[in-house]
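Below: one structure, written as structure tokens.
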Amino acid sequence: MAHSGDRVCTDSELSDILSKLWELDDNKCYPGVEYEINLQGFVTSTRDTSRDFAHKNLFEWVDEEKLFDRETYRTFHALLDNYEMDVMEDEEVTWEERKENWDFLRAIMKTEVMKEAHAFLISKGQAPSEEDDFTRMLHDIWFRLFRRKGGRGQNSCSFEHVFVGEGRGDEFIGLHNWIQFYLQEKAGNIDYHGFFRRETVRDDEIIRLIAVQFDWCGTKSKPMCSCFIGSSPEFEIAAYTICLLLDRDGRTDCQIGEYEVELTVHSFGRQRKLGSAFMSASQLR
């Protein structure tokens with residue numbers, strides 16, 4: 001549990017704002033409406049990546065027409081093919097890709113979720129009051145490139161690691177987003193091995209928080225990957241941005257609506273960038 005100390009935001013306040021954002025988010029998705037999952041067998045150890053406890057895909061189906069008809073999902077989708085998956089490869093951002101970054105940011109800034117997140121950060125003295133200035137701050141946090149271990153040049157950014165995923169050596173790092181997981185699984189790049197039973201909140205009405213294991217392209221393994229299934233792109237951007245700007249480095253147990261969540265954020269060096277960010281079920285520890 002993170003301790004409040006002299007922080008500008010207590011654990012209780014963090015739970016309150018994240019729960020409020022979750023309630024405001026009318027863009028979240030529901031099983032049986034936009035998607036359906038099939039958990040299958042459970043994985044017993046993060047050390048064993050050779051056994052496959054799931055012979056079918058995690059996602060039985062996703063209604064892509066319904067999903068990508070929504071502006072924030074459509075502009076989010078456009079970003080997912082903008083990155084080199086290998087950290088050894090430097091990233092080159094084209095004019096079209098820059099435009100797609102801004103299209104996404106402008107789309108999420110229209111939502112009540114991001115407006116509320118912005119207002120909260122203003123109240124804590126952690127964000128500029130002007131929307132344009134805050135949008136530029138978001139661009140710097142999420143899309144400005146930096147050098148991650150394993151490469152020589154500008155080979156990564158917060159958005160790529162958290163939402164797209166990266167390969168390094170024989171391991172797959174990042175990728176904590178359910179939409180990208182589905183798309184990579186559909187493309188045949190992800191072989192889902194099963195879920196971790198202790199990490200799934202089985203008593204909740206809707207299973208949202210799961211931890212899974214998979215192989216990517218048959219060459220790289222992900223011993224454990226935590227995802228918040230059905231969350232909108234704007235909700236995840238808002239939650240991780242708030243934690244980053246409030247210096248919530250490390251793990252924080254908090255409540256998001258009915259879900260007990262362990263929210264983990266690791267900033268990258270001294271920069272206001274995300275080395276990693278994900279949500280998982282808090283009872284794991």
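Going by the structure tokens order, chains are called A, B, ..., each with residues numbered from 1, while ligands are numbered from 1 in the order shown.
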
Shell around Leu24 in chain A at 9 Å using only C-alpha atoms, local window under 2 positions removed, as a PDB file with all heavy atoms, in the first residue's frame:
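Ended up saving to around24.pdb:
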```
ATOM      1  N   SER A  19     -12.531   6.457  -9.428  1.00  0.00           N
ATOM      2  CA  SER A  19     -13.896   5.935  -9.438  1.00  0.00           C
ATOM      3  C   SER A  19     -14.837   6.887 -10.170  1.00  0.00           C
ATOM      4  O   SER A  19     -15.731   6.452 -10.909  1.00  0.00           O
ATOM      5  CB  SER A  19     -14.395   5.706  -8.007  1.00  0.00           C
ATOM      6  OG  SER A  19     -13.695   4.643  -7.396  1.00  0.00           O
ATOM      7  N   LYS A  20     -14.625   8.183  -9.963  1.00  0.00           N
ATOM      8  CA  LYS A  20     -15.462   9.168 -10.655  1.00  0.00           C
ATOM      9  C   LYS A  20     -15.248   9.092 -12.163  1.00  0.00           C
ATOM     10  O   LYS A  20     -16.208   9.152 -12.946  1.00  0.00           O
ATOM     11  CB  LYS A  20     -15.159  10.574 -10.146  1.00  0.00           C
ATOM     12  CG  LYS A  20     -16.095  11.642 -10.707  1.00  0.00           C
ATOM     13  CD  LYS A  20     -15.879  12.984 -10.037  1.00  0.00           C
ATOM     14  CE  LYS A  20     -16.901  13.999 -10.533  1.00  0.00           C
ATOM     15  NZ  LYS A  20     -16.726  15.324  -9.863  1.00  0.00           N
ATOM     16  N   LEU A  21     -13.991   8.956 -12.582  1.00  0.00           N
ATOM     17  CA  LEU A  21     -13.695   8.838 -14.011  1.00  0.00           C
ATOM     18  C   LEU A  21     -14.333   7.576 -14.593  1.00  0.00           C
ATOM     19  O   LEU A  21     -14.852   7.591 -15.706  1.00  0.00           O
ATOM     20  CB  LEU A  21     -12.186   8.810 -14.243  1.00  0.00           C
ATOM     21  CG  LEU A  21     -11.397  10.063 -13.851  1.00  0.00           C
ATOM     22  CD1 LEU A  21      -9.915   9.864 -14.133  1.00  0.00           C
ATOM     23  CD2 LEU A  21     -11.909  11.297 -14.570  1.00  0.00           C
ATOM     24  N   TRP A  22     -14.295   6.479 -13.834  1.00  0.00           N
ATOM     25  CA  TRP A  22     -14.885   5.222 -14.280  1.00  0.00           C
ATOM     26  C   TRP A  22     -16.403   5.369 -14.457  1.00  0.00           C
ATOM     27  O   TRP A  22     -16.971   4.880 -15.425  1.00  0.00           O
ATOM     28  CB  TRP A  22     -14.565   4.123 -13.278  1.00  0.00           C
ATOM     29  CG  TRP A  22     -15.052   2.758 -13.647  1.00  0.00           C
ATOM     30  CD1 TRP A  22     -16.022   2.035 -13.008  1.00  0.00           C
ATOM     31  CD2 TRP A  22     -14.597   1.929 -14.723  1.00  0.00           C
ATOM     32  NE1 TRP A  22     -16.196   0.817 -13.613  1.00  0.00           N
ATOM     33  CE2 TRP A  22     -15.335   0.731 -14.670  1.00  0.00           C
ATOM     34  CE3 TRP A  22     -13.638   2.085 -15.725  1.00  0.00           C
ATOM     35  CZ2 TRP A  22     -15.151  -0.307 -15.589  1.00  0.00           C
ATOM     36  CZ3 TRP A  22     -13.453   1.056 -16.641  1.00  0.00           C
ATOM     37  CH2 TRP A  22     -14.197  -0.118 -16.562  1.00  0.00           C
ATOM     38  N   ASP A  26     -18.749   6.767 -20.371  1.00  0.00           N
ATOM     39  CA  ASP A  26     -19.821   6.073 -21.080  1.00  0.00           C
ATOM     40  C   ASP A  26     -19.295   5.375 -22.331  1.00  0.00           C
ATOM     41  O   ASP A  26     -20.076   4.882 -23.150  1.00  0.00           O
ATOM     42  CB  ASP A  26     -20.956   7.042 -21.444  1.00  0.00           C
ATOM     43  CG  ASP A  26     -20.482   8.232 -22.270  1.00  0.00           C
ATOM     44  OD1 ASP A  26     -19.302   8.248 -22.679  1.00  0.00           O
ATOM     45  OD2 ASP A  26     -21.287   9.153 -22.495  1.00  0.00           O
ATOM     46  N   ASN A  27     -17.980   5.326 -22.467  1.00  0.00           N
ATOM     47  CA  ASN A  27     -17.344   4.665 -23.609  1.00  0.00           C
ATOM     48  C   ASN A  27     -16.785   3.297 -23.242  1.00  0.00           C
ATOM     49  O   ASN A  27     -16.184   2.633 -24.091  1.00  0.00           O
ATOM     50  CB  ASN A  27     -16.214   5.544 -24.152  1.00  0.00           C
ATOM     51  CG  ASN A  27     -16.444   5.931 -25.607  1.00  0.00           C
ATOM     52  OD1 ASN A  27     -17.366   5.450 -26.248  1.00  0.00           O
ATOM     53  ND2 ASN A  27     -15.591   6.791 -26.126  1.00  0.00           N
ATOM     54  N   GLU A 112     -15.831  13.565 -21.262  1.00  0.00           N
ATOM     55  CA  GLU A 112     -16.003  13.996 -19.871  1.00  0.00           C
ATOM     56  C   GLU A 112     -14.904  13.434 -18.982  1.00  0.00           C
ATOM     57  O   GLU A 112     -14.508  14.049 -17.993  1.00  0.00           O
ATOM     58  CB  GLU A 112     -17.380  13.557 -19.350  1.00  0.00           C
ATOM     59  CG  GLU A 112     -18.548  14.274 -20.007  1.00  0.00           C
ATOM     60  CD  GLU A 112     -18.449  15.786 -19.840  1.00  0.00           C
ATOM     61  OE1 GLU A 112     -18.204  16.259 -18.714  1.00  0.00           O
ATOM     62  OE2 GLU A 112     -18.597  16.499 -20.860  1.00  0.00           O
ATOM     63  N   VAL A 113     -14.410  12.248 -19.337  1.00  0.00           N
ATOM     64  CA  VAL A 113     -13.341  11.622 -18.555  1.00  0.00           C
ATOM     65  C   VAL A 113     -12.100  12.513 -18.523  1.00  0.00           C
ATOM     66  O   VAL A 113     -11.537  12.801 -17.454  1.00  0.00           O
ATOM     67  CB  VAL A 113     -12.991  10.231 -19.131  1.00  0.00           C
ATOM     68  CG1 VAL A 113     -11.700   9.688 -18.501  1.00  0.00           C
ATOM     69  CG2 VAL A 113     -14.128   9.261 -18.884  1.00  0.00           C
ATOM     70  N   GLU A 116     -12.640  15.930 -16.730  1.00  0.00           N
ATOM     71  CA  GLU A 116     -12.621  15.784 -15.277  1.00  0.00           C
ATOM     72  C   GLU A 116     -11.200  15.545 -14.771  1.00  0.00           C
ATOM     73  O   GLU A 116     -10.796  16.088 -13.734  1.00  0.00           O
ATOM     74  CB  GLU A 116     -13.526  14.630 -14.858  1.00  0.00           C
ATOM     75  CG  GLU A 116     -13.686  14.463 -13.358  1.00  0.00           C
ATOM     76  CD  GLU A 116     -14.382  15.631 -12.692  1.00  0.00           C
ATOM     77  OE1 GLU A 116     -15.245  16.270 -13.342  1.00  0.00           O
ATOM     78  OE2 GLU A 116     -14.061  15.929 -11.512  1.00  0.00           O
TER      79      GLU A 116
END
```

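Residues in contact with range 119-130 of chain A at 9 Å, where only C-alpha atoms are counted and same-chain residues fewer than 5 positions away are skipped, are listed as Val8, Cys9, Ile17, Met114, Thr135, Met137, Ile242, Leu245 and Leu246 of chain A.
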
Would you put the residues from that selection into a file with N, CA and C atoms, as a PDB file, in the first residue's frame?
```pdb
ATOM      1  N   VAL A   8       0.424  15.429  -2.441  1.00  0.00           N
ATOM      2  CA  VAL A   8      -0.675  16.356  -2.711  1.00  0.00           C
ATOM      3  C   VAL A   8      -1.988  15.615  -2.907  1.00  0.00           C
ATOM      4  N   CYS A   9      -1.917  14.299  -2.989  1.00  0.00           N
ATOM      5  CA  CYS A   9      -3.131  13.497  -3.191  1.00  0.00           C
ATOM      6  C   CYS A   9      -3.045  12.249  -2.314  1.00  0.00           C
ATOM      7  N   ILE A  17     -11.135   9.945  -7.322  1.00  0.00           N
ATOM      8  CA  ILE A  17     -11.097  10.524  -8.674  1.00  0.00           C
ATOM      9  C   ILE A  17     -11.129   9.411  -9.730  1.00  0.00           C
ATOM     10  N   MET A 114     -11.646  12.970 -19.687  1.00  0.00           N
ATOM     11  CA  MET A 114     -10.434  13.781 -19.737  1.00  0.00           C
ATOM     12  C   MET A 114     -10.673  15.188 -19.206  1.00  0.00           C
ATOM     13  N   THR A 135      -3.092  19.670 -23.398  1.00  0.00           N
ATOM     14  CA  THR A 135      -2.989  18.712 -24.499  1.00  0.00           C
ATOM     15  C   THR A 135      -1.538  18.571 -24.948  1.00  0.00           C
ATOM     16  N   MET A 137       1.005  19.002 -23.007  1.00  0.00           N
ATOM     17  CA  MET A 137       1.638  18.236 -21.929  1.00  0.00           C
ATOM     18  C   MET A 137       1.396  16.734 -22.138  1.00  0.00           C
ATOM     19  N   ILE A 242      -2.699  10.864 -14.380  1.00  0.00           N
ATOM     20  CA  ILE A 242      -2.888  11.368 -13.014  1.00  0.00           C
ATOM     21  C   ILE A 242      -1.827  10.792 -12.086  1.00  0.00           C
ATOM     22  N   LEU A 245       1.694  12.334 -12.895  1.00  0.00           N
ATOM     23  CA  LEU A 245       1.848  13.739 -12.520  1.00  0.00           C
ATOM     24  C   LEU A 245       1.767  13.946 -11.008  1.00  0.00           C
ATOM     25  N   LEU A 246       1.163  12.995 -10.295  1.00  0.00           N
ATOM     26  CA  LEU A 246       1.114  13.075  -8.838  1.00  0.00           C
ATOM     27  C   LEU A 246       2.252  12.285  -8.195  1.00  0.00           C
TER      28      LEU A 246
END
```

**OP:** For CA of Asn82 in chain A and CA of Thr241 in chain A, determine how far apart the two atoms are, in Å to one decimal place.
**Re:** 21.3 Å

**OP:** Can you pull out every residue within 7 Å of Lys222 in chain A, counting only C-alpha atoms, but drop anything in the same chain fewer than 5 positions away, and send it as a VMD selection string?
**Re:** chain A and resid 171 to 173 213 to 215

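Those residues that approach Phe195 in chain A to within 7 Å, counting only C-alpha atoms, are Leu39, Gly41, Phe42, Val43, Ile210, Ala211, Val212 and Gln213 of chain A; same-chain residues fewer than 6 positions away are not listed.
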
**OP:** Would you kindly return, as a VMD selection string, each protein, DNA or RNA residue with an atom no farther than 9 Å from any atom of Glu71 in chain A, considering only C-alpha atoms and excluding same-chain residues fewer than 2 positions away?
**Re:** chain A and resid 68 to 69 73 to 76 104 107 to 108

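Of the listed residues (A:Leu79, A:Ala54, A:Met224, A:Val93), A:Leu79 comes nearest to Phe159 in chain A; the distances count only C-alpha atoms.
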
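With only C-alpha atoms as the atoms that count, the minimum distance from Thr264 in chain A to the choices A:Ser226, A:Ser231, A:Thr44, A:Ser12 is reached by A:Ser226.
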
Subject >> Atom-to-atom span, CA of Val164 in chain A and CA of Gln40 in chain A, Å >> reply: 24.4 Å

Subject >> Residues near Asp247 in chain A, cut-off 9 Å, only C-alpha atoms, skip fewer than 4 positions along chain, as a list in words >> reply: Arg7, Ile242, Cys243, Val265 and Ser267 of chain A

Output for the residues just chosen: C-alpha atoms as an mmCIF file, in the first residue's frame:
```cif
data_model
loop_
_atom_site.group_PDB
_atom_site.id
_atom_site.type_symbol
_atom_site.label_atom_id
_atom_site.label_comp_id
_atom_site.auth_asym_id
_atom_site.auth_seq_id
_atom_site.Cartn_x
_atom_site.Cartn_y
_atom_site.Cartn_z
ATOM 1 C CA ARG A 7 1.738 13.955 -1.075
ATOM 2 C CA ILE A 242 -2.888 11.368 -13.014
ATOM 3 C CA CYS A 243 -0.626 8.856 -11.264
ATOM 4 C CA VAL A 265 3.261 3.249 -12.540
ATOM 5 C CA SER A 267 8.283 6.826 -14.449
#
```

**OP:** Once DSSP has gone over the backbone, tell me which residues of range 59-155 of chain A are in strand (DSSP E or B), as an MDAnalysis selection string.
**Re:** chainID A and resid 59:62 86 146

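When only C-alpha atoms are used to compute distances to Ile37 in chain A, the closest of the residues A:Pro223, A:Gly230, A:Gly218, A:Gly169 turns out to be A:Gly230.
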
**OP:** Just the residues within 12 Å of range 251-258 of chain A, please, counting only C-alpha atoms, with nothing from its chain fewer than 3 positions along; format it as an MDAnalysis selection string.
**Re:** chainID A and resid 1:4 10:25 201 203:209 228 231 235:236 239:240 243:244 246:248 261:267 276:285

**OP:** Among the residues of range 187-266 of chain A, find those DSSP assigns to alpha helix (DSSP H) from the backbone and print them as a VMD selection string.
**Re:** chain A and resid 233 to 245

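The two atoms in question, CA of Leu175 in chain A and CA of His161 in chain A, are spaced 6.2 Å apart.
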
Original post:
Nearest to Tyr83 in chain A among A:Phe53, A:Phe163, A:Tyr30, A:Phe134, with distances taken over only C-alpha atoms: which residue is it?
Top reply: A:Phe163
